[in-house]
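Here's the structure we're looking at; comments come further down.
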Amino acid sequence: MKKAEVGTTQLVGSKQPRYEVPWTDEQIQVITAGSEERLLVDAGPGTGKTAVACARIAWLIDNGFADASRIWLISFTRTAVHELRNRISSYLKDPSSAYGLRIATIDSHAWAIHSGFDSSAKLNGSFENNIDKVIELVRKNDGVFEYLSSVQHLLVDEAQDIVGTRCELLLDIIDALPKETGVTVFSDEAQAIYMFGEEGSPSEVEGHLPDCIRKYLPDFNCVELKEIHRTSDPVLMKLFGIGRQVLTANKASSVERYEQVRKLIESTNHSDVGNFRDDFPALSSQLDDAFLLFRKRGEALEASSYIERRPYRLRMSGLPVCIHTWIALILWDWTKDDIDVAEFQTRWSVRVNRDSASCESAWKDLVRFFGQSQSRVSVRKLVDRLAGSSVPYQFITPDFGTLGPVIGTVHGSKGREAGEVRLYLPAQPSGSVEDDRLCEEARVLFVGATRAKHELKVGKGASSKPYRRLEQSGRAFSTSYDNDRIQVEIGHRRDIDACGLAGTQMFASAALVTEAQRNLLKYSSGVRQMRASICGPLKEWRYVMTLESSDEPLGYLSTVLNRDLFDMAEKLELGQVRLPAYFKHLRLLGVRTFAISRDDPDREKLHQPWRDSGLILAPLVIGYPQTYFQHGRKKK
């Protein structure tokens, strides 16, 4: 491996990482590798991959090998983006340097290139189609070549999950970088669980990014992190080590790998908690640092309904972005284009009622992204950015909900860890299963089990119940065997819209909107039982949301739900049906800020002042209730 140099004399060994961490030799080898090195780092669960990645970036900056603004970090999820920046900041001599880093998901980096070098770029079509256009720009556009020539170091995290067109794009970007630009790629092929998430995407390459690097980019050096740091628990150490050996063994068949990994998890844990339907009602009120993990979204949603009245969080795809509540609290009635610091502080003290340090931190974030000066920010730009598809992580919460254990899917918790993990195993695969898919199922189980730092408990998920999803929206649903009854996800990402919260067609006056907003805020602490009942044609057949114990409207679900319900009926071949009359057993987990951009035509359908402010409080409503279509008949 090359040694890092300053001029021609400074060797890597003379500048060790300065952070108060007991780094191992294998970690130091990666952290202090030469700035021009191209490394493929194979790192198993618990080996300190994220810490090493962040320390490497901090080391490059602190030792003058790269400017923060010329370092790109590519992460798999937006939540990871937030965590990476915070961790790097804690390692830097000057923590503020972390603000200059270009940390984003692949799609965000792709959009920056697309919008910057293609005047016709629009956020429409699939992400894959947009990425295809970026691939063409990277290959042919001189401006993009010049743009990429400014990058001094590229770091890619969770590379084993980069497949399809995204893999193709990353290969082209790496190929277009100057030869003196260093690249560090972190991967663990035993945790590759997104191969089928990209199935059907057109691509000229097969496999994931690490495979393709080894095949097409011979200038990469391969390094391995082996020592486990996440836990010292002997049960987990055994699981982490043996599980990875099984999954990386070339001779084992997919069936053998799956059976071995499943048996390992079933025999190497701290206790068996049984079926989730029995376990969830008995969960301790003190259980907070915990993941309760399932294979499918429908399973996790159904399981959440078995938690009695205590706070919990959800982590999975398909849920709305949870923008911090304080934004709508402060600015829901602010109709000017900008706001100064004095007015912001006054409103914070009256409406938010949290400490001044939080106020100061919030203002700094606003200035950084939307500041006209240190004492004034653009509210117009703030609202438009919050209404878009890429909200800065500083303004969002990582989970749906704020307190309690995290209920979610293995995929949703990838890259995260918790003190206790309860992994509810799915039913054994039955019938014919493709080899590749069975191998991925083994990796999914392994990823779920290795999120634990101290304790792993194993339970049973649902039986062979057919959890399904609508292809277009991704909404989860399941049916009884004769399709007479359905369970359907309520609270999907587009189930709440501005018109349902402050629309003139839904609310007769602004005063009624104000009352609904105040009630939402009043009921936002703890967990509240809700229901949704269908309205008539004057309210677009929407479902009105109320507490189970009250008839006061808190808002109206969007008509997207209605369309999805009719799509389900068609998919199930039920013939002519009427929509369900109501949905019971919904939960209110809190509130969030909802933003609607200035150019959205729905703005004109809102009461004032929300029409001008574009900021509204929205409920964190979720449920997987059982219901049935009215007068449905199966087609002959």
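Letters for chains follow the order of the structure tokens (A, B, ...), residue numbers begin at 1 for each chain, and ligand numbers begin at 1 in the order shown.
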Once you count only C-alpha atoms, what closest atom pair and distance in Å to one decimal does each residue of segment 547-577 of chain A within 10 Å of segment 462-475 of chain A have, with rows by chain and rising residue number, as a tab-separated table?
residue	atom	partner	partner_atom	distance
A:Val560	CA	A:Ser473	CA	9.1
A:Leu561	CA	A:Arg475	CA	9.1
A:Asp564	CA	A:Ser473	CA	7.7
A:Leu565	CA	A:Leu470	CA	9.7
A:Asp567	CA	A:Leu470	CA	7.9
A:Met568	CA	A:Leu470	CA	7.4
A:Lys571	CA	A:Leu470	CA	8.8
Just-selected residues, N, CA and C atoms written as an mmCIF file, in the first residue's frame:
data_model
loop_
_atom_site.group_PDB
_atom_site.id
_atom_site.type_symbol
_atom_site.label_atom_id
_atom_site.label_comp_id
_atom_site.auth_asym_id
_atom_site.auth_seq_id
_atom_site.Cartn_x
_atom_site.Cartn_y
_atom_site.Cartn_z
ATOM 1 N N VAL A 560 -55.574 9.919 -2.655
ATOM 2 C CA VAL A 560 -54.646 8.864 -3.082
ATOM 3 C C VAL A 560 -55.047 7.536 -2.449
ATOM 4 N N LEU A 561 -55.468 7.568 -1.189
ATOM 5 C CA LEU A 561 -55.922 6.353 -0.517
ATOM 6 C C LEU A 561 -57.105 5.742 -1.256
ATOM 7 N N ASP A 564 -55.973 4.002 -4.383
ATOM 8 C CA ASP A 564 -55.279 2.746 -4.072
ATOM 9 C C ASP A 564 -56.264 1.649 -3.665
ATOM 10 N N LEU A 565 -57.299 2.026 -2.948
ATOM 11 C CA LEU A 565 -58.297 1.032 -2.546
ATOM 12 C C LEU A 565 -59.009 0.441 -3.762
ATOM 13 N N ASP A 567 -57.689 0.262 -6.696
ATOM 14 C CA ASP A 567 -56.681 -0.575 -7.361
ATOM 15 C C ASP A 567 -56.612 -1.951 -6.711
ATOM 16 N N MET A 568 -56.725 -1.981 -5.369
ATOM 17 C CA MET A 568 -56.726 -3.269 -4.672
ATOM 18 C C MET A 568 -57.915 -4.119 -5.091
ATOM 19 N N LYS A 571 -57.245 -5.521 -8.399
ATOM 20 C CA LYS A 571 -56.220 -6.564 -8.329
ATOM 21 C C LYS A 571 -56.790 -7.864 -7.770
#
So which residues touch segment 412-417 of chain A within 6 Å, counting only C-alpha atoms, skipping near sequence neighbours fewer than 5 positions away, as an mmCIF file with C-alpha atoms, in the first residue's frame?
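New file selection-v6.cif:
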data_model
loop_
_atom_site.group_PDB
_atom_site.id
_atom_site.type_symbol
_atom_site.label_atom_id
_atom_site.label_comp_id
_atom_site.auth_asym_id
_atom_site.auth_seq_id
_atom_site.Cartn_x
_atom_site.Cartn_y
_atom_site.Cartn_z
ATOM 1 C CA ARG A 315 -38.471 2.782 10.434
ATOM 2 C CA MET A 316 -39.185 1.515 6.931
ATOM 3 C CA ARG A 451 -27.865 -4.939 14.453
ATOM 4 C CA ALA A 452 -27.547 -5.943 18.138
#
Exercise. Any idea what's packed within 9 Å of Leu456 of chain A, counting only C-alpha atoms, ignoring anything in its chain fewer than 3 positions away? Could you give it as number ranges by chain?
Worked result: A: 235-236, 268-271, 419-423, 449-453
Emit the selected residues as a PDB file, in the first residue's frame, including N, CA and C atoms.
ATOM      1  N   VAL A 235     -21.969 -14.460  22.811  1.00  0.00           N
ATOM      2  CA  VAL A 235     -23.007 -15.001  21.931  1.00  0.00           C
ATOM      3  C   VAL A 235     -23.015 -14.254  20.606  1.00  0.00           C
ATOM      4  N   LEU A 236     -22.984 -12.923  20.683  1.00  0.00           N
ATOM      5  CA  LEU A 236     -23.007 -12.115  19.461  1.00  0.00           C
ATOM      6  C   LEU A 236     -21.704 -12.254  18.682  1.00  0.00           C
ATOM      7  N   THR A 268     -28.210 -19.357  18.412  1.00  0.00           N
ATOM      8  CA  THR A 268     -27.199 -18.458  18.981  1.00  0.00           C
ATOM      9  C   THR A 268     -27.846 -17.114  19.272  1.00  0.00           C
ATOM     10  N   ASN A 269     -28.571 -17.033  20.366  1.00  0.00           N
ATOM     11  CA  ASN A 269     -29.244 -15.801  20.773  1.00  0.00           C
ATOM     12  C   ASN A 269     -29.419 -15.836  22.287  1.00  0.00           C
ATOM     13  N   HIS A 270     -30.027 -14.797  22.828  1.00  0.00           N
ATOM     14  CA  HIS A 270     -30.147 -14.694  24.282  1.00  0.00           C
ATOM     15  C   HIS A 270     -31.480 -15.207  24.818  1.00  0.00           C
ATOM     16  N   SER A 271     -32.494 -15.270  23.972  1.00  0.00           N
ATOM     17  CA  SER A 271     -33.759 -15.885  24.395  1.00  0.00           C
ATOM     18  C   SER A 271     -34.722 -15.920  23.221  1.00  0.00           C
ATOM     19  N   GLY A 419     -29.062  -1.460  21.316  1.00  0.00           N
ATOM     20  CA  GLY A 419     -28.645  -2.310  22.421  1.00  0.00           C
ATOM     21  C   GLY A 419     -29.301  -3.668  22.370  1.00  0.00           C
ATOM     22  N   GLU A 420     -30.603  -3.678  22.113  1.00  0.00           N
ATOM     23  CA  GLU A 420     -31.336  -4.941  22.017  1.00  0.00           C
ATOM     24  C   GLU A 420     -32.028  -5.038  20.670  1.00  0.00           C
ATOM     25  N   VAL A 421     -31.939  -6.207  20.080  1.00  0.00           N
ATOM     26  CA  VAL A 421     -32.660  -6.491  18.835  1.00  0.00           C
ATOM     27  C   VAL A 421     -33.557  -7.697  19.060  1.00  0.00           C
ATOM     28  N   ARG A 422     -34.816  -7.558  18.642  1.00  0.00           N
ATOM     29  CA  ARG A 422     -35.726  -8.696  18.593  1.00  0.00           C
ATOM     30  C   ARG A 422     -36.039  -8.944  17.127  1.00  0.00           C
ATOM     31  N   LEU A 423     -35.559 -10.057  16.643  1.00  0.00           N
ATOM     32  CA  LEU A 423     -35.727 -10.412  15.240  1.00  0.00           C
ATOM     33  C   LEU A 423     -36.823 -11.466  15.128  1.00  0.00           C
ATOM     34  N   ALA A 449     -30.000  -9.778  12.536  1.00  0.00           N
ATOM     35  CA  ALA A 449     -29.424 -10.271  13.795  1.00  0.00           C
ATOM     36  C   ALA A 449     -28.215  -9.461  14.225  1.00  0.00           C
ATOM     37  N   THR A 450     -27.438  -8.963  13.275  1.00  0.00           N
ATOM     38  CA  THR A 450     -26.198  -8.263  13.616  1.00  0.00           C
ATOM     39  C   THR A 450     -26.387  -6.780  13.883  1.00  0.00           C
ATOM     40  N   ARG A 451     -27.638  -6.323  14.005  1.00  0.00           N
ATOM     41  CA  ARG A 451     -27.865  -4.939  14.453  1.00  0.00           C
ATOM     42  C   ARG A 451     -27.674  -4.832  15.970  1.00  0.00           C
ATOM     43  N   ALA A 452     -27.582  -5.939  16.673  1.00  0.00           N
ATOM     44  CA  ALA A 452     -27.547  -5.943  18.138  1.00  0.00           C
ATOM     45  C   ALA A 452     -26.152  -5.625  18.661  1.00  0.00           C
ATOM     46  N   LYS A 453     -26.101  -4.789  19.692  1.00  0.00           N
ATOM     47  CA  LYS A 453     -24.843  -4.503  20.386  1.00  0.00           C
ATOM     48  C   LYS A 453     -24.685  -5.346  21.648  1.00  0.00           C
TER      49      LYS A 453
END
Exercise. When DSSP works through the backbone of this structure, what residues of segment 183-349 of chain A end up as strand (DSSP E or B), shown as a list in words?
Worked result: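 Restricting segment 183-349 of chain A to strand (DSSP E or B) produces Val183, Thr184, Val185, Phe186, Ser187, His208, Asn221, Cys222, Val223, Glu224, Leu225, Ser271, Asp272, Val273, Gly274, Asn275, Ala290, Phe291, Leu292, Leu293, Phe294, Arg313, Leu314, Arg315, Ile323, Asp338, Ile339 and Asp340 of chain A.
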Would you export the selected residues with N, CA and C atoms as a CSV table (one decimal), in the first residue's frame, please?
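Okay, this is what ended up in again.csv:
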chain,number,residue,atom,x,y,z
A,183,VAL,N,-9.9,7.2,-3.8
A,183,VAL,CA,-11.3,6.6,-3.7
A,183,VAL,C,-11.2,5.5,-2.6
A,184,THR,N,-12.1,5.6,-1.6
A,184,THR,CA,-12.2,4.6,-0.6
A,184,THR,C,-13.7,4.0,-0.6
A,185,VAL,N,-13.8,2.7,-0.8
A,185,VAL,CA,-15.1,2.1,-0.9
A,185,VAL,C,-15.2,1.1,0.2
A,186,PHE,N,-16.3,1.2,1.0
A,186,PHE,CA,-16.5,0.3,2.1
A,186,PHE,C,-17.7,-0.7,1.7
A,187,SER,N,-17.5,-1.9,2.1
A,187,SER,CA,-18.4,-2.9,1.6
A,187,SER,C,-18.4,-4.1,2.6
A,208,HIS,N,-23.1,-6.2,-7.9
A,208,HIS,CA,-23.0,-5.0,-7.1
A,208,HIS,C,-21.7,-4.3,-7.3
A,221,ASN,N,-6.8,-1.5,-4.4
A,221,ASN,CA,-6.2,-2.4,-3.5
A,221,ASN,C,-7.3,-2.9,-2.5
A,222,CYS,N,-7.3,-4.2,-2.2
A,222,CYS,CA,-8.3,-4.8,-1.3
A,222,CYS,C,-7.8,-4.9,0.1
A,223,VAL,N,-8.6,-4.4,1.0
A,223,VAL,CA,-8.2,-4.4,2.4
A,223,VAL,C,-9.4,-5.0,3.2
A,224,GLU,N,-9.1,-5.7,4.3
A,224,GLU,CA,-10.2,-6.3,5.1
A,224,GLU,C,-10.1,-5.9,6.6
A,225,LEU,N,-11.3,-5.5,7.1
A,225,LEU,CA,-11.4,-5.3,8.6
A,225,LEU,C,-12.1,-6.5,9.2
A,271,SER,N,-32.5,-15.3,24.0
A,271,SER,CA,-33.8,-15.9,24.4
A,271,SER,C,-34.7,-15.9,23.2
A,272,ASP,N,-35.7,-16.8,23.4
A,272,ASP,CA,-36.8,-16.9,22.4
A,272,ASP,C,-38.0,-16.2,23.0
A,273,VAL,N,-38.5,-15.2,22.3
A,273,VAL,CA,-39.7,-14.4,22.8
A,273,VAL,C,-41.0,-14.9,22.2
A,274,GLY,N,-41.0,-15.9,21.4
A,274,GLY,CA,-42.2,-16.4,20.8
A,274,GLY,C,-42.9,-15.6,19.7
A,275,ASN,N,-44.1,-15.8,19.5
A,275,ASN,CA,-44.9,-15.0,18.5
A,275,ASN,C,-45.0,-13.6,18.8
A,290,ALA,N,-34.0,-0.2,21.3
A,290,ALA,CA,-34.3,-1.6,20.8
A,290,ALA,C,-34.9,-1.5,19.4
A,291,PHE,N,-34.5,-2.5,18.6
A,291,PHE,CA,-35.1,-2.7,17.3
A,291,PHE,C,-36.0,-3.9,17.3
A,292,LEU,N,-37.2,-3.8,16.8
A,292,LEU,CA,-38.1,-4.9,16.7
A,292,LEU,C,-38.3,-5.1,15.2
A,293,LEU,N,-37.6,-6.1,14.6
A,293,LEU,CA,-37.4,-6.2,13.2
A,293,LEU,C,-38.2,-7.3,12.5
A,294,PHE,N,-38.7,-7.0,11.3
A,294,PHE,CA,-39.5,-8.0,10.5
A,294,PHE,C,-38.9,-8.0,9.1
A,313,ARG,N,-41.6,4.0,17.6
A,313,ARG,CA,-41.2,4.6,16.3
A,313,ARG,C,-41.2,3.6,15.2
A,314,LEU,N,-41.4,4.0,14.0
A,314,LEU,CA,-41.4,3.2,12.8
A,314,LEU,C,-40.2,3.5,11.9
A,315,ARG,N,-39.6,2.5,11.4
A,315,ARG,CA,-38.5,2.8,10.4
A,315,ARG,C,-38.6,1.8,9.3
A,323,ILE,N,-40.6,16.2,9.1
A,323,ILE,CA,-40.0,17.5,9.3
A,323,ILE,C,-40.3,18.0,10.7
A,338,ASP,N,-39.3,36.8,4.3
A,338,ASP,CA,-38.2,36.5,5.2
A,338,ASP,C,-38.5,36.9,6.6
A,339,ILE,N,-37.6,36.4,7.5
A,339,ILE,CA,-37.8,36.7,9.0
A,339,ILE,C,-36.4,37.0,9.6
A,340,ASP,N,-36.4,37.9,10.6
A,340,ASP,CA,-35.1,38.2,11.2
A,340,ASP,C,-35.0,37.4,12.5
Exercise. What lies within 7 Å of segment 524-540 of chain A using only C-alpha atoms, ignoring chain neighbours under 2 positions off, as a list in words?
Worked result: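 Close residues of segment 524-540 of chain A: Arg309, Arg310, Pro311, Gln505, Met506, Leu520, Leu521, Lys522, Arg542, Tyr543, Val544, Met545, Thr546, Leu547, Glu548, Ala581, Tyr582, Phe583, Lys584, His585, Leu586, Arg587, Leu588, Leu589, Gly590 and Val591 of chain A.
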Deliver the residues from the most recent selection as a file, using N, CA and C atoms, as a PDB file, in the first residue's frame.
ATOM      1  N   ARG A 309     -50.828   1.140  24.738  1.00  0.00           N
ATOM      2  CA  ARG A 309     -50.682   2.595  24.694  1.00  0.00           C
ATOM      3  C   ARG A 309     -49.326   3.051  25.234  1.00  0.00           C
ATOM      4  N   ARG A 310     -48.317   2.945  24.415  1.00  0.00           N
ATOM      5  CA  ARG A 310     -46.992   3.446  24.763  1.00  0.00           C
ATOM      6  C   ARG A 310     -46.331   3.938  23.480  1.00  0.00           C
ATOM      7  N   PRO A 311     -45.436   4.925  23.565  1.00  0.00           N
ATOM      8  CA  PRO A 311     -44.806   5.464  22.350  1.00  0.00           C
ATOM      9  C   PRO A 311     -43.932   4.419  21.659  1.00  0.00           C
ATOM     10  N   GLN A 505     -62.419  23.345   0.875  1.00  0.00           N
ATOM     11  CA  GLN A 505     -63.488  22.392   0.624  1.00  0.00           C
ATOM     12  C   GLN A 505     -63.709  21.467   1.819  1.00  0.00           C
ATOM     13  N   MET A 506     -62.678  21.293   2.635  1.00  0.00           N
ATOM     14  CA  MET A 506     -62.777  20.403   3.797  1.00  0.00           C
ATOM     15  C   MET A 506     -63.252  21.147   5.046  1.00  0.00           C
ATOM     16  N   LEU A 520     -54.636  18.880  17.124  1.00  0.00           N
ATOM     17  CA  LEU A 520     -53.526  18.013  16.746  1.00  0.00           C
ATOM     18  C   LEU A 520     -52.353  18.192  17.701  1.00  0.00           C
ATOM     19  N   LEU A 521     -52.042  19.439  17.985  1.00  0.00           N
ATOM     20  CA  LEU A 521     -50.925  19.723  18.880  1.00  0.00           C
ATOM     21  C   LEU A 521     -51.227  19.238  20.292  1.00  0.00           C
ATOM     22  N   LYS A 522     -52.450  19.414  20.726  1.00  0.00           N
ATOM     23  CA  LYS A 522     -52.841  19.007  22.080  1.00  0.00           C
ATOM     24  C   LYS A 522     -52.749  17.496  22.243  1.00  0.00           C
ATOM     25  N   ARG A 542     -63.438  11.757   0.820  1.00  0.00           N
ATOM     26  CA  ARG A 542     -62.258  11.567   1.669  1.00  0.00           C
ATOM     27  C   ARG A 542     -62.668  10.943   3.001  1.00  0.00           C
ATOM     28  N   TYR A 543     -61.643  10.460   3.720  1.00  0.00           N
ATOM     29  CA  TYR A 543     -61.839   9.927   5.068  1.00  0.00           C
ATOM     30  C   TYR A 543     -61.433  10.993   6.084  1.00  0.00           C
ATOM     31  N   VAL A 544     -62.357  11.312   6.991  1.00  0.00           N
ATOM     32  CA  VAL A 544     -62.057  12.292   8.027  1.00  0.00           C
ATOM     33  C   VAL A 544     -61.410  11.583   9.215  1.00  0.00           C
ATOM     34  N   MET A 545     -60.331  12.164   9.726  1.00  0.00           N
ATOM     35  CA  MET A 545     -59.598  11.586  10.860  1.00  0.00           C
ATOM     36  C   MET A 545     -60.080  12.208  12.158  1.00  0.00           C
ATOM     37  N   THR A 546     -60.451  11.370  13.116  1.00  0.00           N
ATOM     38  CA  THR A 546     -60.856  11.826  14.441  1.00  0.00           C
ATOM     39  C   THR A 546     -60.249  10.892  15.481  1.00  0.00           C
ATOM     40  N   LEU A 547     -60.244  11.336  16.728  1.00  0.00           N
ATOM     41  CA  LEU A 547     -59.923  10.408  17.797  1.00  0.00           C
ATOM     42  C   LEU A 547     -61.066   9.413  17.943  1.00  0.00           C
ATOM     43  N   GLU A 548     -60.747   8.232  18.455  1.00  0.00           N
ATOM     44  CA  GLU A 548     -61.796   7.233  18.694  1.00  0.00           C
ATOM     45  C   GLU A 548     -62.856   7.781  19.652  1.00  0.00           C
ATOM     46  N   ALA A 581     -66.426   1.844   4.741  1.00  0.00           N
ATOM     47  CA  ALA A 581     -67.065   2.974   5.414  1.00  0.00           C
ATOM     48  C   ALA A 581     -66.139   3.631   6.421  1.00  0.00           C
ATOM     49  N   TYR A 582     -65.217   2.874   6.987  1.00  0.00           N
ATOM     50  CA  TYR A 582     -64.347   3.451   8.013  1.00  0.00           C
ATOM     51  C   TYR A 582     -63.122   2.558   8.204  1.00  0.00           C
ATOM     52  N   PHE A 583     -62.138   3.119   8.890  1.00  0.00           N
ATOM     53  CA  PHE A 583     -60.968   2.385   9.352  1.00  0.00           C
ATOM     54  C   PHE A 583     -60.792   2.674  10.839  1.00  0.00           C
ATOM     55  N   LYS A 584     -60.753   1.628  11.616  1.00  0.00           N
ATOM     56  CA  LYS A 584     -60.561   1.775  13.058  1.00  0.00           C
ATOM     57  C   LYS A 584     -59.136   1.368  13.432  1.00  0.00           C
ATOM     58  N   HIS A 585     -58.807   1.615  14.702  1.00  0.00           N
ATOM     59  CA  HIS A 585     -57.535   1.183  15.276  1.00  0.00           C
ATOM     60  C   HIS A 585     -56.327   1.825  14.597  1.00  0.00           C
ATOM     61  N   LEU A 586     -56.474   3.112  14.243  1.00  0.00           N
ATOM     62  CA  LEU A 586     -55.329   3.878  13.780  1.00  0.00           C
ATOM     63  C   LEU A 586     -54.638   4.503  14.994  1.00  0.00           C
ATOM     64  N   ARG A 587     -53.386   4.900  14.818  1.00  0.00           N
ATOM     65  CA  ARG A 587     -52.628   5.509  15.914  1.00  0.00           C
ATOM     66  C   ARG A 587     -52.140   6.889  15.513  1.00  0.00           C
ATOM     67  N   LEU A 588     -52.189   7.802  16.461  1.00  0.00           N
ATOM     68  CA  LEU A 588     -51.581   9.117  16.307  1.00  0.00           C
ATOM     69  C   LEU A 588     -50.307   9.121  17.143  1.00  0.00           C
ATOM     70  N   LEU A 589     -49.142   9.185  16.481  1.00  0.00           N
ATOM     71  CA  LEU A 589     -47.856   9.102  17.173  1.00  0.00           C
ATOM     72  C   LEU A 589     -47.219  10.456  17.412  1.00  0.00           C
ATOM     73  N   GLY A 590     -47.832  11.531  16.926  1.00  0.00           N
ATOM     74  CA  GLY A 590     -47.255  12.860  17.092  1.00  0.00           C
ATOM     75  C   GLY A 590     -47.651  13.741  15.922  1.00  0.00           C
ATOM     76  N   VAL A 591     -46.923  14.835  15.749  1.00  0.00           N
ATOM     77  CA  VAL A 591     -47.167  15.746  14.634  1.00  0.00           C
ATOM     78  C   VAL A 591     -45.840  16.096  13.962  1.00  0.00           C
TER      79      VAL A 591
END
For this session: Find the residues around Ile106 of chain A up to 10 Å (only C-alpha atoms counted), leave out those fewer than 2 positions away in its own chain, and share them as an MDAnalysis selection string.
Result: chainID A and resid 73:78 103:104 108:112 131 156 162 166:167 169:170
Dump C-alpha atoms for the selected residues as a PDB file, in the first residue's frame?
ATOM      1  CA  LEU A  73     -19.188  10.989   0.402  1.00  0.00           C
ATOM      2  CA  ILE A  74     -21.849   8.754  -1.058  1.00  0.00           C
ATOM      3  CA  SER A  75     -24.160   7.053   1.409  1.00  0.00           C
ATOM      4  CA  PHE A  76     -27.012   4.650   0.843  1.00  0.00           C
ATOM      5  CA  THR A  77     -29.655   6.455   2.940  1.00  0.00           C
ATOM      6  CA  ARG A  78     -30.436  10.017   3.997  1.00  0.00           C
ATOM      7  CA  ILE A 103     -22.275  14.109   1.786  1.00  0.00           C
ATOM      8  CA  ALA A 104     -25.361  12.802  -0.011  1.00  0.00           C
ATOM      9  CA  SER A 108     -28.834  13.458  -4.663  1.00  0.00           C
ATOM     10  CA  HIS A 109     -25.376  13.567  -6.257  1.00  0.00           C
ATOM     11  CA  ALA A 110     -26.912  12.434  -9.543  1.00  0.00           C
ATOM     12  CA  TRP A 111     -29.525  15.175  -9.413  1.00  0.00           C
ATOM     13  CA  ALA A 112     -26.844  17.791  -8.712  1.00  0.00           C
ATOM     14  CA  ILE A 131     -29.751   8.311 -13.552  1.00  0.00           C
ATOM     15  CA  VAL A 156     -18.561   5.283  -0.866  1.00  0.00           C
ATOM     16  CA  ILE A 162     -25.305  -0.334  -4.967  1.00  0.00           C
ATOM     17  CA  ARG A 166     -26.601   3.253  -9.714  1.00  0.00           C
ATOM     18  CA  CYS A 167     -23.679   0.836  -9.862  1.00  0.00           C
ATOM     19  CA  LEU A 169     -23.165   5.459 -12.628  1.00  0.00           C
ATOM     20  CA  LEU A 170     -20.624   5.033  -9.821  1.00  0.00           C
TER      21      LEU A 170
END
Exercise. Smallest atom-to-atom distance to Pro619 of chain A: which of A:Pro320, A:Pro398, A:Ala362, A:Glu604, using only C-alpha atoms?
Worked result: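 Closest residue, counting only C-alpha atoms: A:Pro320.
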For this session: Could you give me, as a ChimeraX atom specification, the residues within 12 Å of Glu180 of chain A, counting only C-alpha atoms and dropping anything in the same chain fewer than 3 positions from it?
Result: /A:34-38,65-66,149-154,174-177,183,219
With N, CA and C atoms retained, write the just-selected residues as a tab-separated table (two decimals), in the first residue's frame.
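For reference, selection_17.tsv as written:
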chain	number	residue	atom	x	y	z
A	34	GLY	N	-2.59	6.46	1.87
A	34	GLY	CA	-2.29	7.63	1.06
A	34	GLY	C	-3.53	8.27	0.47
A	35	SER	N	-3.48	9.58	0.34
A	35	SER	CA	-4.66	10.32	-0.12
A	35	SER	C	-5.04	9.95	-1.55
A	36	GLU	N	-4.09	9.43	-2.34
A	36	GLU	CA	-4.38	9.03	-3.71
A	36	GLU	C	-4.71	7.55	-3.83
A	37	GLU	N	-4.70	6.82	-2.71
A	37	GLU	CA	-5.01	5.39	-2.75
A	37	GLU	C	-6.44	5.14	-3.22
A	38	ARG	N	-6.61	4.01	-3.87
A	38	ARG	CA	-7.94	3.54	-4.22
A	38	ARG	C	-8.13	2.20	-3.50
A	65	PHE	N	-4.43	16.88	3.35
A	65	PHE	CA	-4.39	16.10	2.12
A	65	PHE	C	-5.59	16.38	1.21
A	66	ALA	N	-6.65	16.95	1.75
A	66	ALA	CA	-7.84	17.26	0.94
A	66	ALA	C	-8.64	18.37	1.63
A	149	SER	N	-13.28	16.84	-11.97
A	149	SER	CA	-11.84	17.01	-11.78
A	149	SER	C	-11.51	17.76	-10.50
A	150	SER	N	-12.50	18.43	-9.91
A	150	SER	CA	-12.26	19.16	-8.66
A	150	SER	C	-12.31	18.25	-7.44
A	151	VAL	N	-12.80	17.02	-7.60
A	151	VAL	CA	-12.92	16.11	-6.46
A	151	VAL	C	-11.54	15.58	-6.08
A	152	GLN	N	-11.19	15.72	-4.79
A	152	GLN	CA	-9.90	15.24	-4.31
A	152	GLN	C	-10.01	13.85	-3.66
A	153	HIS	N	-11.18	13.52	-3.15
A	153	HIS	CA	-11.36	12.17	-2.60
A	153	HIS	C	-12.83	11.81	-2.65
A	154	LEU	N	-13.08	10.56	-2.99
A	154	LEU	CA	-14.45	10.02	-3.03
A	154	LEU	C	-14.52	8.85	-2.06
A	174	ILE	N	-16.17	7.08	-11.08
A	174	ILE	CA	-14.82	6.72	-10.65
A	174	ILE	C	-13.87	6.74	-11.83
A	175	ASP	N	-14.32	6.23	-12.97
A	175	ASP	CA	-13.48	6.20	-14.16
A	175	ASP	C	-13.16	7.59	-14.66
A	176	ALA	N	-14.09	8.55	-14.45
A	176	ALA	CA	-13.89	9.92	-14.94
A	176	ALA	C	-13.07	10.77	-13.99
A	177	LEU	N	-12.87	10.33	-12.77
A	177	LEU	CA	-12.08	11.11	-11.81
A	177	LEU	C	-10.61	11.14	-12.23
A	183	VAL	N	-9.93	7.17	-3.81
A	183	VAL	CA	-11.28	6.59	-3.66
A	183	VAL	C	-11.21	5.52	-2.57
A	219	ASP	N	-6.97	-0.98	-10.48
A	219	ASP	CA	-6.08	-0.13	-9.68
A	219	ASP	C	-6.51	-0.04	-8.22
Problem set entry | Surrounding residues of Gln245 of chain A excluding itself and chain neighbours under 4 positions, 10 Å, only C-alpha atoms, as a list in words | Ala190, Leu239, Phe240, Gly241, Ala249, Asn250, Arg257 and Val261 of chain A
For this session: Identify which of the residues A:Leu301, A:Gly448, A:Lys226, A:Ser597 lies closest to Gly388 of chain A, counting only C-alpha atoms when measuring atom-to-atom distances.
Result: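 Residue with the minimum atom-to-atom distance to Gly388 of chain A: A:Ser597.
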